[in-house]
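A.B. asks: My structure is stored as coords25.cif, with mmCIF, C-alpha atoms.
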data_input
#
loop_
_atom_site.label_atom_id
_atom_site.label_comp_id
_atom_site.auth_asym_id
_atom_site.auth_seq_id
_atom_site.Cartn_x
_atom_site.Cartn_y
_atom_site.Cartn_z
CA MET P 1 -0.39 32.54 38.29
CA SER P 2 -3.23 32.19 35.81
CA ALA P 3 -5.00 28.89 35.46
CA GLY P 4 -3.71 29.25 31.92
CA ARG P 5 -4.71 27.76 28.64
CA ASP P 6 -4.88 24.21 29.93
CA GLY P 7 -6.39 24.95 33.30
CA ALA P 8 -3.26 24.18 35.32
CA SER P 9 -1.50 26.79 37.41
CA GLY P 10 2.23 27.37 37.23
CA ALA P 11 4.09 24.68 35.31
CA GLY P 12 0.73 23.29 34.21
CA VAL P 13 0.01 21.00 31.35
CA GLY P 14 0.86 23.35 28.45
CA ARG P 15 -1.13 23.34 25.14
CA ARG P 16 0.42 20.98 22.59
CA ARG P 17 0.47 17.76 20.12
CA PHE P 18 -1.48 14.60 18.41
CA LEU P 19 -3.11 11.15 15.99
CA GLY P 20 -3.14 7.35 16.09
CA LEU P 21 -5.10 4.23 15.35
CA THR P 22 -7.77 2.60 17.47
CA ALA P 23 -6.77 -0.74 18.94
CA VAL P 24 -9.76 -3.04 18.92
CA GLY P 25 -9.53 -6.40 20.72
CA ALA P 26 -10.85 -9.38 18.84
CA ALA P 27 -13.41 -11.66 20.45
CA GLY P 28 -12.89 -15.43 20.59
CA VAL P 29 -12.42 -17.03 17.16
CA ALA P 30 -14.21 -20.28 16.38
CA VAL P 31 -12.14 -23.13 14.99
CA GLY P 32 -13.57 -25.12 12.09
CA GLY P 33 -17.11 -24.24 11.04
CA ALA P 34 -19.88 -22.21 12.60
CA SER P 35 -20.35 -21.53 16.32
CA PRO P 36 -22.78 -19.40 18.37
CA ALA P 37 -19.99 -16.89 19.13
CA ARG P 38 -19.01 -16.64 15.49
CA ASP P 39 -22.64 -16.28 14.42
CA ARG P 40 -23.09 -13.43 16.89
CA GLN P 41 -19.95 -11.71 15.58
CA GLU P 42 -21.13 -12.03 11.98
CA ARG P 43 -24.61 -10.71 12.83
CA GLN P 44 -23.10 -7.76 14.70
CA ALA P 45 -20.71 -6.94 11.86
CA ARG P 46 -23.56 -7.18 9.33
CA GLN P 47 -25.77 -4.89 11.43
CA GLU P 48 -22.97 -2.33 11.79
CA ARG P 49 -22.50 -2.35 8.00
CA GLN P 50 -26.21 -2.08 7.25
CA GLY P 51 -27.39 0.15 10.08
CA PRO P 52 -30.53 -0.39 12.20
CA ALA P 53 -33.26 -2.73 10.93
CA GLY P 54 -31.23 -3.74 7.88
CA ARG P 55 -31.33 -0.26 6.34
CA PRO P 56 -28.78 0.68 3.67
CA PRO P 57 -25.33 1.43 5.14
CA ARG P 58 -24.74 4.97 6.37
CA ALA P 59 -21.69 6.54 4.78
CA GLU P 60 -18.69 7.22 6.96
CA ARG P 61 -18.31 10.91 7.68
CA PRO P 62 -15.11 12.97 8.01
CA LEU P 63 -13.64 13.95 11.36
CA PHE P 64 -10.67 16.21 12.08
CA LEU P 65 -8.46 16.29 15.16
CA GLY P 66 -6.39 19.14 16.58
CA THR P 67 -3.26 18.60 18.66
CA TYR P 68 0.06 20.07 19.75
CA THR P 69 3.06 19.31 17.58
CA SER P 70 5.69 20.92 19.84
CA LYS P 71 5.15 18.77 22.92
CA ALA P 72 6.42 15.25 23.61
CA GLY P 73 3.66 12.75 22.94
CA GLY P 74 1.85 15.03 20.55
CA GLY P 75 1.14 14.67 16.87
CA THR P 76 2.60 15.85 13.59
CA GLY P 77 -0.30 17.91 12.26
CA ILE P 78 -4.07 17.85 11.83
CA GLY P 79 -5.44 14.35 12.27
CA LEU P 80 -7.74 12.94 9.59
CA ALA P 81 -10.33 10.29 10.39
CA THR P 82 -13.84 9.09 9.60
CA TYR P 83 -16.65 8.06 11.91
CA ASP P 84 -19.71 5.89 11.63
CA PRO P 85 -22.69 8.20 12.30
CA ALA P 86 -24.75 5.31 13.64
CA GLN P 87 -22.25 3.68 16.00
CA GLY P 88 -19.73 6.49 16.52
CA ARG P 89 -16.77 4.26 15.67
CA ILE P 90 -13.74 6.34 14.54
CA THR P 91 -11.15 5.20 11.99
CA ALA P 92 -7.89 7.04 11.35
CA THR P 93 -7.15 7.92 7.72
CA GLY P 94 -4.03 10.12 7.87
CA VAL P 95 -2.49 13.41 8.93
CA VAL P 96 -2.08 16.83 7.33
CA ALA P 97 1.54 17.34 8.36
CA GLY P 98 3.39 20.62 8.64
CA VAL P 99 0.70 22.60 10.51
CA ALA P 100 2.26 23.80 13.76
CA ASP P 101 0.31 23.25 17.01
CA PRO P 102 -3.18 23.15 15.43
CA SER P 103 -4.97 23.18 18.80
CA TYR P 104 -8.33 24.49 17.57
CA LEU P 105 -10.21 23.96 14.30
CA ALA P 106 -13.20 25.65 12.66
CA LEU P 107 -15.19 24.93 9.51
CA ALA P 108 -16.24 27.57 6.98
CA PRO P 109 -20.04 27.98 6.57
CA SER P 110 -19.68 26.76 2.98
CA GLY P 111 -18.03 23.54 4.15
CA ARG P 112 -15.27 24.06 1.58
CA ALA P 113 -12.51 25.24 3.93
CA LEU P 114 -11.10 24.38 7.33
CA TYR P 115 -9.11 26.72 9.57
CA ALA P 116 -6.59 25.97 12.32
CA VAL P 117 -4.80 28.09 14.88
CA ASP P 118 -1.03 27.67 15.04
CA GLU P 119 -0.75 28.11 18.79
CA GLN P 120 2.80 29.38 19.13
CA GLU P 121 4.50 32.49 20.51
CA GLU P 122 4.47 34.00 17.04
CA GLY P 123 1.07 32.61 16.24
CA GLY P 124 -0.42 31.90 12.86
CA LEU P 125 -3.70 30.89 11.23
CA THR P 126 -3.73 28.18 8.56
CA ALA P 127 -6.41 27.66 5.90
CA LEU P 128 -7.07 24.30 4.27
CA GLY P 129 -9.26 23.58 1.26
CA LEU P 130 -11.69 20.66 1.52
CA SER P 131 -12.68 18.56 -1.47
CA PRO P 132 -16.24 17.24 -1.91
CA GLY P 133 -14.70 14.07 -3.33
CA GLY P 134 -12.99 13.21 -0.06
CA GLU P 135 -9.41 13.87 -1.17
CA PRO P 136 -6.97 14.97 1.58
CA PRO P 137 -7.24 18.66 2.52
CA GLU P 138 -5.00 21.10 0.66
CA VAL P 139 -3.03 23.60 2.72
CA LEU P 140 -3.86 27.02 1.26
CA GLY P 141 -1.38 29.00 3.33
CA THR P 142 -0.76 30.57 6.73
CA GLN P 143 -1.16 34.16 7.86
CA PRO P 144 0.40 35.72 10.98
CA ALA P 145 -2.28 35.92 13.68
CA GLY P 146 -1.03 39.25 14.98
CA GLY P 147 -0.95 37.99 18.58
CA ALA P 148 0.81 35.36 20.68
CA GLY P 149 -0.68 31.96 21.39
CA PRO P 150 -3.83 31.97 19.24
CA CYS P 151 -6.14 29.40 20.87
CA HIS P 152 -9.56 29.88 19.26
CA LEU P 153 -11.04 30.93 15.95
CA SER P 154 -14.41 31.08 14.23
CA VAL P 155 -15.73 32.10 10.84
CA HIS P 156 -18.24 34.93 10.59
CA PRO P 157 -21.61 33.67 9.24
CA SER P 158 -21.02 35.64 6.03
CA GLY P 159 -18.00 33.41 5.38
CA ARG P 160 -15.94 36.50 4.54
CA TRP P 161 -14.05 37.02 7.82
CA LEU P 162 -12.03 34.80 10.15
CA LEU P 163 -12.00 35.85 13.81
CA SER P 164 -9.24 34.69 16.18
CA ALA P 165 -8.48 34.96 19.93
CA HIS P 166 -4.90 35.00 21.23
CA TYR P 167 -4.35 33.74 24.76
CA LEU P 168 -0.81 34.91 25.52
CA SER P 169 -1.21 38.48 24.22
CA GLY P 170 -4.86 38.95 25.24
CA SER P 171 -5.87 40.11 21.78
CA VAL P 172 -8.36 39.34 19.01
CA ALA P 173 -7.96 39.75 15.25
CA VAL P 174 -9.83 39.74 11.95
CA HIS P 175 -8.60 38.25 8.66
CA PRO P 176 -10.40 38.35 5.28
CA VAL P 177 -11.39 35.09 3.60
CA ASP P 178 -11.20 34.66 -0.17
CA PRO P 179 -14.79 33.81 -1.18
CA ARG P 180 -13.72 31.33 -3.85
CA SER P 181 -10.74 29.47 -2.44
CA GLY P 182 -11.18 30.03 1.31
CA ALA P 183 -7.59 31.29 1.62
CA LEU P 184 -6.79 33.99 4.17
CA GLY P 185 -5.65 37.52 3.42
CA ALA P 186 -3.59 39.91 5.53
CA ARG P 187 -5.04 40.90 8.89
CA THR P 188 -7.45 43.85 8.82
CA ASP P 189 -7.71 44.49 12.57
CA LEU P 190 -6.12 43.66 15.91
CA VAL P 191 -7.55 44.65 19.32
CA VAL P 192 -5.72 44.17 22.62
CA HIS P 193 -7.80 43.87 25.79
CA THR P 194 -6.44 46.50 28.19
CA ASP P 195 -9.49 47.54 30.20
CA PRO P 196 -10.57 46.45 32.79
CA PRO P 197 -7.31 45.37 34.44
CA PRO P 198 -6.42 41.70 34.99
CA GLY P 199 -8.27 39.76 37.64
CA PRO P 200 -6.84 38.24 40.84
CA GLY P 201 -3.80 36.05 40.23
CA GLN P 202 -3.66 36.94 36.54
CA ASP P 203 -0.61 38.40 34.79
CA GLY P 204 -2.59 40.09 32.03
CA PRO P 205 -5.45 39.62 29.58
CA HIS P 206 -5.93 36.13 28.11
CA ALA P 207 -8.42 36.07 25.24
CA HIS P 208 -9.82 32.54 25.06
CA GLN P 209 -12.70 32.62 22.57
CA ILE P 210 -14.29 34.78 19.88
CA ILE P 211 -17.69 34.05 18.30
CA THR P 212 -20.48 35.80 16.42
CA ALA P 213 -23.81 36.19 18.21
CA PRO P 214 -26.91 34.63 16.57
CA ASP P 215 -28.03 38.12 15.53
CA GLY P 216 -25.04 38.22 13.17
CA ARG P 217 -24.31 41.83 14.09
CA HIS P 218 -22.18 41.40 17.19
CA VAL P 219 -18.94 39.58 17.93
CA LEU P 220 -18.20 38.48 21.51
CA ALA P 221 -14.71 37.82 22.88
CA VAL P 222 -14.23 35.96 26.17
CA ASP P 223 -11.15 36.98 28.16
CA LEU P 224 -10.11 34.71 31.04
CA GLY P 225 -7.42 37.06 32.38
CA ASN P 226 -9.68 40.11 32.64
CA ASP P 227 -12.79 38.23 33.84
CA THR P 228 -14.60 39.98 31.00
CA VAL P 229 -16.66 39.32 27.88
CA TYR P 230 -16.29 42.06 25.24
CA THR P 231 -18.93 42.84 22.62
CA TYR P 232 -17.89 44.30 19.25
CA ARG P 233 -19.61 45.38 16.06
CA LEU P 234 -17.85 44.06 12.95
CA ASP P 235 -17.60 46.40 9.98
CA GLU P 236 -18.21 43.83 7.24
CA ARG P 237 -16.77 46.07 4.55
CA ALA P 238 -13.50 46.99 6.24
CA GLY P 239 -13.08 43.99 8.56
CA ARG P 240 -12.66 46.11 11.67
CA LEU P 241 -13.99 45.69 15.21
CA ARG P 242 -15.61 48.46 17.26
CA GLN P 243 -16.23 47.76 20.93
CA VAL P 244 -19.80 48.55 22.00
CA SER P 245 -19.92 47.10 25.53
CA TYR P 246 -18.35 44.68 27.94
CA ALA P 247 -19.59 42.51 30.81
CA THR P 248 -17.39 41.80 33.82
CA LEU P 249 -17.69 38.58 35.80
CA ARG P 250 -16.96 38.36 39.50
CA PRO P 251 -13.21 38.68 40.26
CA GLY P 252 -11.36 35.40 39.74
CA ALA P 253 -14.11 33.73 37.68
CA GLY P 254 -11.83 33.10 34.70
CA PRO P 255 -14.42 32.90 31.88
CA ARG P 256 -13.31 30.50 29.14
CA HIS P 257 -16.06 29.53 26.68
CA LEU P 258 -19.54 30.81 25.88
CA THR P 259 -22.39 29.36 23.83
CA PHE P 260 -25.77 30.81 22.89
CA HIS P 261 -29.25 29.44 23.42
CA PRO P 262 -30.99 29.03 20.03
CA SER P 263 -33.37 31.90 20.87
CA GLY P 264 -30.40 34.27 20.96
CA ALA P 265 -31.76 35.82 24.17
CA PHE P 266 -29.44 33.92 26.54
CA ALA P 267 -25.88 32.63 26.61
CA TYR P 268 -24.13 30.15 28.89
CA LEU P 269 -20.62 30.83 30.12
CA ALA P 270 -18.14 28.28 31.53
CA ASN P 271 -15.79 29.81 34.12
CA GLU P 272 -12.50 27.91 34.24
CA VAL P 273 -10.94 29.29 37.42
CA ASP P 274 -13.82 29.35 39.94
CA ASN P 275 -15.49 26.18 38.56
CA THR P 276 -18.91 27.67 37.80
CA VAL P 277 -21.40 28.17 34.99
CA VAL P 278 -23.29 31.43 34.47
CA VAL P 279 -26.50 32.09 32.54
CA CYS P 280 -26.28 35.48 30.82
CA GLY P 281 -29.04 37.58 29.35
CA TYR P 282 -28.29 38.98 25.90
CA GLU P 283 -29.78 42.08 24.26
CA ARG P 284 -29.76 41.67 20.49
CA CYS P 285 -30.09 45.36 19.69
CA SER P 286 -27.22 46.58 21.86
CA GLY P 287 -25.15 43.39 22.10
CA ARG P 288 -25.05 43.82 25.87
CA LEU P 289 -24.43 40.69 27.95
CA THR P 290 -25.75 40.55 31.54
CA PRO P 291 -24.26 37.73 33.67
CA GLY P 292 -26.45 36.04 36.28
CA ALA P 293 -25.44 34.21 39.46
CA PRO P 294 -22.73 31.51 39.31
CA GLN P 295 -24.03 27.92 39.30
CA SER P 296 -22.55 24.55 40.20
CA THR P 297 -20.87 22.29 37.67
CA GLY P 298 -21.92 19.26 39.71
CA THR P 299 -18.31 18.22 40.32
CA GLY P 300 -18.06 18.96 44.05
CA ALA P 301 -15.10 20.54 45.79
CA GLY P 302 -11.61 20.55 44.35
CA THR P 303 -9.92 21.52 41.12
CA ASN P 304 -12.05 21.01 38.04
CA TYR P 305 -11.31 23.58 35.29
CA PRO P 306 -14.51 23.37 33.22
CA ALA P 307 -13.63 23.74 29.57
CA GLN P 308 -16.46 24.00 27.09
CA ILE P 309 -20.24 24.19 27.19
CA LEU P 310 -22.62 23.15 24.40
CA VAL P 311 -26.37 23.55 23.99
CA THR P 312 -28.63 21.48 21.72
CA ARG P 313 -30.28 23.05 18.69
CA ASP P 314 -33.72 22.57 20.22
CA GLY P 315 -32.56 24.46 23.31
CA ARG P 316 -33.55 21.69 25.77
CA PHE P 317 -30.18 20.49 27.10
CA ALA P 318 -26.69 21.80 27.77
CA TYR P 319 -23.46 19.86 28.36
CA LEU P 320 -20.23 20.90 30.10
CA ALA P 321 -16.78 19.28 29.85
CA ASN P 322 -15.00 19.04 33.22
CA ARG P 323 -11.27 18.51 32.85
CA GLY P 324 -10.32 18.04 36.50
CA HIS P 325 -13.32 15.85 37.32
CA ASN P 326 -13.06 13.97 34.00
CA SER P 327 -16.78 14.12 33.46
CA LEU P 328 -19.57 15.62 31.40
CA THR P 329 -22.33 17.56 33.17
CA ARG P 330 -25.85 17.52 31.75
CA TYR P 331 -28.25 20.40 32.36
CA ALA P 332 -31.91 20.82 31.52
CA VAL P 333 -32.54 24.20 29.93
CA GLU P 334 -35.70 25.76 31.36
CA ALA P 335 -37.74 28.98 31.32
CA ALA P 336 -37.18 29.47 27.56
CA GLY P 337 -33.42 29.49 28.09
CA ALA P 338 -33.24 31.64 31.23
CA ARG P 339 -32.43 28.81 33.63
CA LEU P 340 -30.12 25.77 33.79
CA ARG P 341 -31.06 22.86 36.04
CA LEU P 342 -28.28 20.39 36.83
CA LEU P 343 -29.31 16.83 36.00
CA ASP P 344 -26.22 14.66 36.36
CA THR P 345 -22.57 14.09 35.55
CA VAL P 346 -21.20 11.06 33.71
CA PRO P 347 -17.56 9.87 33.49
CA VAL P 348 -15.99 10.95 30.23
CA GLY P 349 -13.97 7.75 29.89
CA GLY P 350 -10.69 9.63 29.45
CA ASP P 351 -8.40 12.15 31.13
CA PHE P 352 -8.75 15.94 30.77
CA PRO P 353 -11.62 16.47 28.29
CA ARG P 354 -10.37 19.64 26.66
CA GLN P 355 -13.13 20.08 24.06
CA ILE P 356 -16.47 18.51 23.13
CA ALA P 357 -18.48 18.59 19.91
CA PHE P 358 -21.78 17.27 18.53
CA SER P 359 -22.14 15.37 15.28
CA PRO P 360 -24.26 17.42 12.83
CA ASP P 361 -27.42 15.49 13.74
CA GLU P 362 -26.59 15.80 17.47
CA ARG P 363 -27.06 12.07 17.99
CA LEU P 364 -23.40 11.75 19.01
CA LEU P 365 -21.18 13.77 21.33
CA PHE P 366 -17.37 13.55 20.97
CA ALA P 367 -14.88 14.39 23.73
CA ALA P 368 -11.19 15.12 23.05
CA ASN P 369 -9.27 13.89 26.11
CA GLN P 370 -5.88 15.57 26.10
CA LYS P 371 -3.97 13.67 28.80
CA SER P 372 -5.20 10.16 28.03
CA GLY P 373 -4.66 10.57 24.27
CA SER P 374 -8.16 9.45 23.43
CA VAL P 375 -11.45 10.52 21.90
CA THR P 376 -14.55 9.11 23.56
CA VAL P 377 -17.98 9.05 21.91
CA PHE P 378 -21.44 9.19 23.49
CA SER P 379 -24.88 8.64 22.07
CA VAL P 380 -27.35 11.40 22.99
CA ASP P 381 -30.92 10.41 23.83
CA PRO P 382 -33.08 12.89 21.90
CA GLU P 383 -35.86 12.78 24.51
CA THR P 384 -33.96 12.92 27.80
CA GLY P 385 -30.57 14.22 26.69
CA ALA P 386 -28.95 11.33 28.57
CA LEU P 387 -25.44 10.30 27.46
CA ALA P 388 -24.32 6.69 26.92
CA GLY P 389 -20.79 5.71 25.95
CA THR P 390 -20.40 3.94 22.61
CA GLY P 391 -17.63 1.54 21.67
CA VAL P 392 -13.93 1.69 22.41
CA PRO P 393 -12.10 5.03 22.93
CA PHE P 394 -10.18 6.11 19.84
CA ALA P 395 -6.43 6.49 20.44
CA ALA P 396 -4.94 9.78 19.24
CA PRO P 397 -1.76 11.62 20.25
CA MET P 398 -2.83 14.42 22.60
CA PRO P 399 -6.20 15.34 21.06
CA VAL P 400 -7.27 18.83 22.14
CA CYS P 401 -9.95 19.45 19.52
CA VAL P 402 -12.35 17.16 17.66
CA LEU P 403 -14.41 18.34 14.70
CA PRO P 404 -16.93 15.85 13.25
CA LEU P 405 -18.62 16.84 9.98
#
Give the structure from this file in structure tokens form.

C.D. replies:
Amino acid sequence: MSAGRDGASGAGVGRRRFLGLTAVGAAGVAVGGASPARDRQERQARQERQGPAGRPPRAERPLFLGTYTSKAGGGTGIGLATYDPAQGRITATGVVAGVADPSYLALAPSGRALYAVDEQEEGGLTALGLSPGGEPPEVLGTQPAGGAGPCHLSVHPSGRWLLSAHYLSGSVAVHPVDPRSGALGARTDLVVHTDPPPGPGQDGPHAHQIITAPDGRHVLAVDLGNDTVYTYRLDERAGRLRQVSYATLRPGAGPRHLTFHPSGAFAYLANEVDNTVVVCGYERCSGRLTPGAPQSTGTGAGTNYPAQILVTRDGRFAYLANRGHNSLTRYAVEAAGARLRLLDTVPVGGDFPRQIAFSPDERLLFAANQKSGSVTVFSVDPETGALAGTGVPFAAPMPVCVLPL
């Protein structure tokens, strides 16, 4: 059996549901007049409102949460929240109901639209309009994905095309985006991964991710079932994909998610099944990916199922979410992106970190912990890349994706 979408063989965890409110315990309350404890509480509250050194308060920023709606303990749609960009504290604000199994979310380059997969057998892709005034998102409509179990999507840098990967059918698709409203049009292309054949223990192709390379000319699709990363050229007039190359990992690697170094010359690939990370060379002209040797995730022996890898904008550090080990691995990026050096792992503070994301300024890192129903937040040291937990975990029904804006 495949390690599957949630990294569990056989019956596994399954991909589904989600949102709640943070429970914050109150400290001791003074009775009648001032007290040292009460003074400390008031000073702390005032500092949190004002920010460091008494600066003006930093505005709360929006945050979206993906979940499964068809699984017990899940949510009812896309979770809405805000977060404090200084402290990382998350506050629930509502739910966009009626979106089925929105397990992965992506923002349009314009910031005016949000997209969600509807991860079901007859999968769909839902577009939502975002208001600059902070009003709740408006559902703009849903288009059939063209494949089963869509689990990942991304918007082409032009903002004109939505790319999606479908786990159950091992396919990828392209949909046009209306430039004014952000709504989706009918699918313009669908490609099923048939060659090479499935890897050991796999029942077929399982497309897990699709992204555009930094060069903007190539689209890469990661397929866990075929142990392969496919490179396509996107016809930006017709919205069609043409395969130009593919890179095969060692049998049984189970590649899941890939991210690029800022230079565009290297990419880092998390392998779900064999619990490794691979540094890949990337040729911008041809789009060819060349995988290097597998490297440790720092989690030791046993089941781990690494999920997602991120790299900082300055290209100095990379971070990996480990679902089985319930940790985050920190790497130093060396040799201009050609080498990863394992630094440490830190407990994630939750169970099964399915997805991680930076805040826009990369001072915070958020982890969506599927099994514990929590989102944990870490501050990122800009000099060392070290992670430090901040505050109390935010309670959310089965969070599988977190998107801070």

A.B. asks: When you look at Thr259 (chain P) with a cut-off of 12 Å (counting only C-alpha atoms), what residues show up, excluding the ones that are within fewer than 4 positions of it in the same chain? I need them as a PDB file with C-alpha atoms, in the coordinates of the input.

C.D. replies:
ATOM      1  CA  GLN P 209     -12.700  32.620  22.570  1.00  0.00           C
ATOM      2  CA  ILE P 210     -14.290  34.780  19.880  1.00  0.00           C
ATOM      3  CA  ILE P 211     -17.690  34.050  18.300  1.00  0.00           C
ATOM      4  CA  THR P 212     -20.480  35.800  16.420  1.00  0.00           C
ATOM      5  CA  ALA P 213     -23.810  36.190  18.210  1.00  0.00           C
ATOM      6  CA  PRO P 214     -26.910  34.630  16.570  1.00  0.00           C
ATOM      7  CA  LEU P 220     -18.200  38.480  21.510  1.00  0.00           C
ATOM      8  CA  ALA P 221     -14.710  37.820  22.880  1.00  0.00           C
ATOM      9  CA  VAL P 222     -14.230  35.960  26.170  1.00  0.00           C
ATOM     10  CA  PRO P 255     -14.420  32.900  31.880  1.00  0.00           C
ATOM     11  CA  SER P 263     -33.370  31.900  20.870  1.00  0.00           C
ATOM     12  CA  GLY P 264     -30.400  34.270  20.960  1.00  0.00           C
ATOM     13  CA  ALA P 265     -31.760  35.820  24.170  1.00  0.00           C
ATOM     14  CA  PHE P 266     -29.440  33.920  26.540  1.00  0.00           C
ATOM     15  CA  ALA P 267     -25.880  32.630  26.610  1.00  0.00           C
ATOM     16  CA  TYR P 268     -24.130  30.150  28.890  1.00  0.00           C
ATOM     17  CA  LEU P 269     -20.620  30.830  30.120  1.00  0.00           C
ATOM     18  CA  ALA P 270     -18.140  28.280  31.530  1.00  0.00           C
ATOM     19  CA  VAL P 277     -21.400  28.170  34.990  1.00  0.00           C
ATOM     20  CA  VAL P 278     -23.290  31.430  34.470  1.00  0.00           C
ATOM     21  CA  VAL P 279     -26.500  32.090  32.540  1.00  0.00           C
ATOM     22  CA  CYS P 280     -26.280  35.480  30.820  1.00  0.00           C
ATOM     23  CA  GLY P 281     -29.040  37.580  29.350  1.00  0.00           C
ATOM     24  CA  TYR P 282     -28.290  38.980  25.900  1.00  0.00           C
ATOM     25  CA  ALA P 307     -13.630  23.740  29.570  1.00  0.00           C
ATOM     26  CA  GLN P 308     -16.460  24.000  27.090  1.00  0.00           C
ATOM     27  CA  ILE P 309     -20.240  24.190  27.190  1.00  0.00           C
ATOM     28  CA  LEU P 310     -22.620  23.150  24.400  1.00  0.00           C
ATOM     29  CA  VAL P 311     -26.370  23.550  23.990  1.00  0.00           C
ATOM     30  CA  THR P 312     -28.630  21.480  21.720  1.00  0.00           C
ATOM     31  CA  ARG P 313     -30.280  23.050  18.690  1.00  0.00           C
ATOM     32  CA  GLY P 315     -32.560  24.460  23.310  1.00  0.00           C
ATOM     33  CA  ALA P 318     -26.690  21.800  27.770  1.00  0.00           C
ATOM     34  CA  TYR P 319     -23.460  19.860  28.360  1.00  0.00           C
ATOM     35  CA  LEU P 320     -20.230  20.900  30.100  1.00  0.00           C
ATOM     36  CA  GLY P 337     -33.420  29.490  28.090  1.00  0.00           C
TER      37      GLY P 337
END

A.B. asks: So what do you get for CA of Met398 (chain P) versus CA of Gln355 (chain P), distance-wise?

C.D. replies: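 Spanning CA of Met398 (chain P) to CA of Gln355 (chain P) is a straight-line distance of 11.8 Å.
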
A.B. asks: With the PyMOL selection byres ((chain P and resi 169) around 12) as the selection, what would be picked from this file? Answer as a PyMOL selection string, please.

C.D. replies: chain P and resi 119-123+145-151+164-168+170-173+190-194+203-208+223-225

A.B. asks: Kindly give the distance, in Å, that separates CA of Phe64 (chain P) and CA of Pro397 (chain P), rounded to a single decimal.

C.D. replies: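 These atoms are spaced 12.9 Å apart.
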
A.B. asks: So, counting all atoms listed in the file, which residue among P:Ala396, P:Leu249, P:Ala357, P:Ala92 is closest to Val377 (chain P)?

C.D. replies: P:Ala357

A.B. asks: Counting all atoms listed in the file, select every polymer residue within 9 Å of (-27.5, 15.7, 33.3) as defined in the file's coordinates, and provide the selection as a PyMOL selection string.

C.D. replies: chain P and resi 317-319+328-332+341-346+384-387

A.B. asks: Which residue out of P:Gly298, P:Pro102, P:Tyr232, P:Gly201 has the minimum interatomic distance to Pro251 (chain P) when all atoms listed in the file are used?

C.D. replies: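 The shortest atom-to-atom distance to Pro251 (chain P) comes from P:Gly201.
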
A.B. asks: Quick check, in Å to one decimal: how far apart do CA of Pro196 (chain P) and CA of Asn226 (chain P) lie?

C.D. replies: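 These atoms are spaced 6.4 Å apart.
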
A.B. asks: Give the answer as one residue: which of P:Ala81, P:Ala86, P:Leu162, P:Ala336 has the shortest atom-to-atom distance to Arg363 (chain P), using only C-alpha atoms?

C.D. replies: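 The answer is P:Ala86, which sits nearest to Arg363 (chain P).
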
A.B. asks: When you look at Pro306 (chain P) with a cut-off of 6 Å (counting all atoms listed in the file), what residues show up, excluding the ones that are within fewer than 5 positions of it in the same chain? I need them as a ChimeraX atom specification.

C.D. replies: /P:272,321-323

A.B. asks: Set the distance at 9 Å and use all atoms listed in the file: which residues neighbour Leu130 (chain P) once local chain neighbours fewer than 2 positions away are removed? I'd like the list as JSON, numbers by chain.

C.D. replies: {"P": [111, 112, 113, 114, 128, 132, 133, 134, 135, 136, 137, 138]}

A.B. asks: Determine, counting only C-alpha atoms, which protein, DNA and RNA residues have an atom within 10 Å of an atom of Glu236 (chain P); residues of the same chain fewer than 3 positions away are not included. Present the result as a list in words.

C.D. replies: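 That gives His156, Ser158, Arg160, Trp161, Pro176, Arg217, Arg233, Gly239, Arg240 and Leu241 of chain P.
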
A.B. asks: Keeping C-alpha atoms, export the residues of the selection given above as a PDB file, keeping the file's coordinate frame.

C.D. replies:
ATOM      1  CA  HIS P 156     -18.240  34.930  10.590  1.00  0.00           C
ATOM      2  CA  SER P 158     -21.020  35.640   6.030  1.00  0.00           C
ATOM      3  CA  ARG P 160     -15.940  36.500   4.540  1.00  0.00           C
ATOM      4  CA  TRP P 161     -14.050  37.020   7.820  1.00  0.00           C
ATOM      5  CA  PRO P 176     -10.400  38.350   5.280  1.00  0.00           C
ATOM      6  CA  ARG P 217     -24.310  41.830  14.090  1.00  0.00           C
ATOM      7  CA  ARG P 233     -19.610  45.380  16.060  1.00  0.00           C
ATOM      8  CA  GLY P 239     -13.080  43.990   8.560  1.00  0.00           C
ATOM      9  CA  ARG P 240     -12.660  46.110  11.670  1.00  0.00           C
ATOM     10  CA  LEU P 241     -13.990  45.690  15.210  1.00  0.00           C
TER      11      LEU P 241
END

A.B. asks: Going by the chain IDs and residue numbers used in this file, which residues fall under the PyMOL selection byres ((chain P and resi 390) around 6)? Write them as a ChimeraX atom specification.

C.D. replies: /P:377-378,389,391

A.B. asks: Once 3 Å is added on each side, what are the centre and the three edge lengths, in Å to one decimal, of the axis-aligned box enclosing the listed atoms of region 210-227 of chain P? Present them as lines of an AutoDock Vina configuration file.

C.D. replies:
center_x = -17.7
center_y = 37.9
center_z = 23.5
size_x = 26.6
size_y = 13.8
size_z = 26.7

A.B. asks: Which residues are near Asp314 (chain P)? Cut-off 10 Å, only C-alpha atoms, ignore same chain within fewer than 5 positions. Put them as a PyMOL selection string.

C.D. replies: chain P and resi 261-263+333+382

A.B. asks: Now that the selection is made, can you save its residues with C-alpha atoms as a PDB file, in the coordinates of the input?

C.D. replies:
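Just written: again-v3.pdb:
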ATOM      1  CA  HIS P 261     -29.250  29.440  23.420  1.00  0.00           C
ATOM      2  CA  PRO P 262     -30.990  29.030  20.030  1.00  0.00           C
ATOM      3  CA  SER P 263     -33.370  31.900  20.870  1.00  0.00           C
ATOM      4  CA  VAL P 333     -32.540  24.200  29.930  1.00  0.00           C
ATOM      5  CA  PRO P 382     -33.080  12.890  21.900  1.00  0.00           C
TER       6      PRO P 382
END

A.B. asks: Just checking: using all atoms listed in the file, which residue out of P:Ala72, P:Leu65, P:Val380, P:Leu105 ends up closest to Thr93 (chain P)?

C.D. replies: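 Looking only at the distances to Thr93 (chain P), the closest residue turns out to be P:Leu65.
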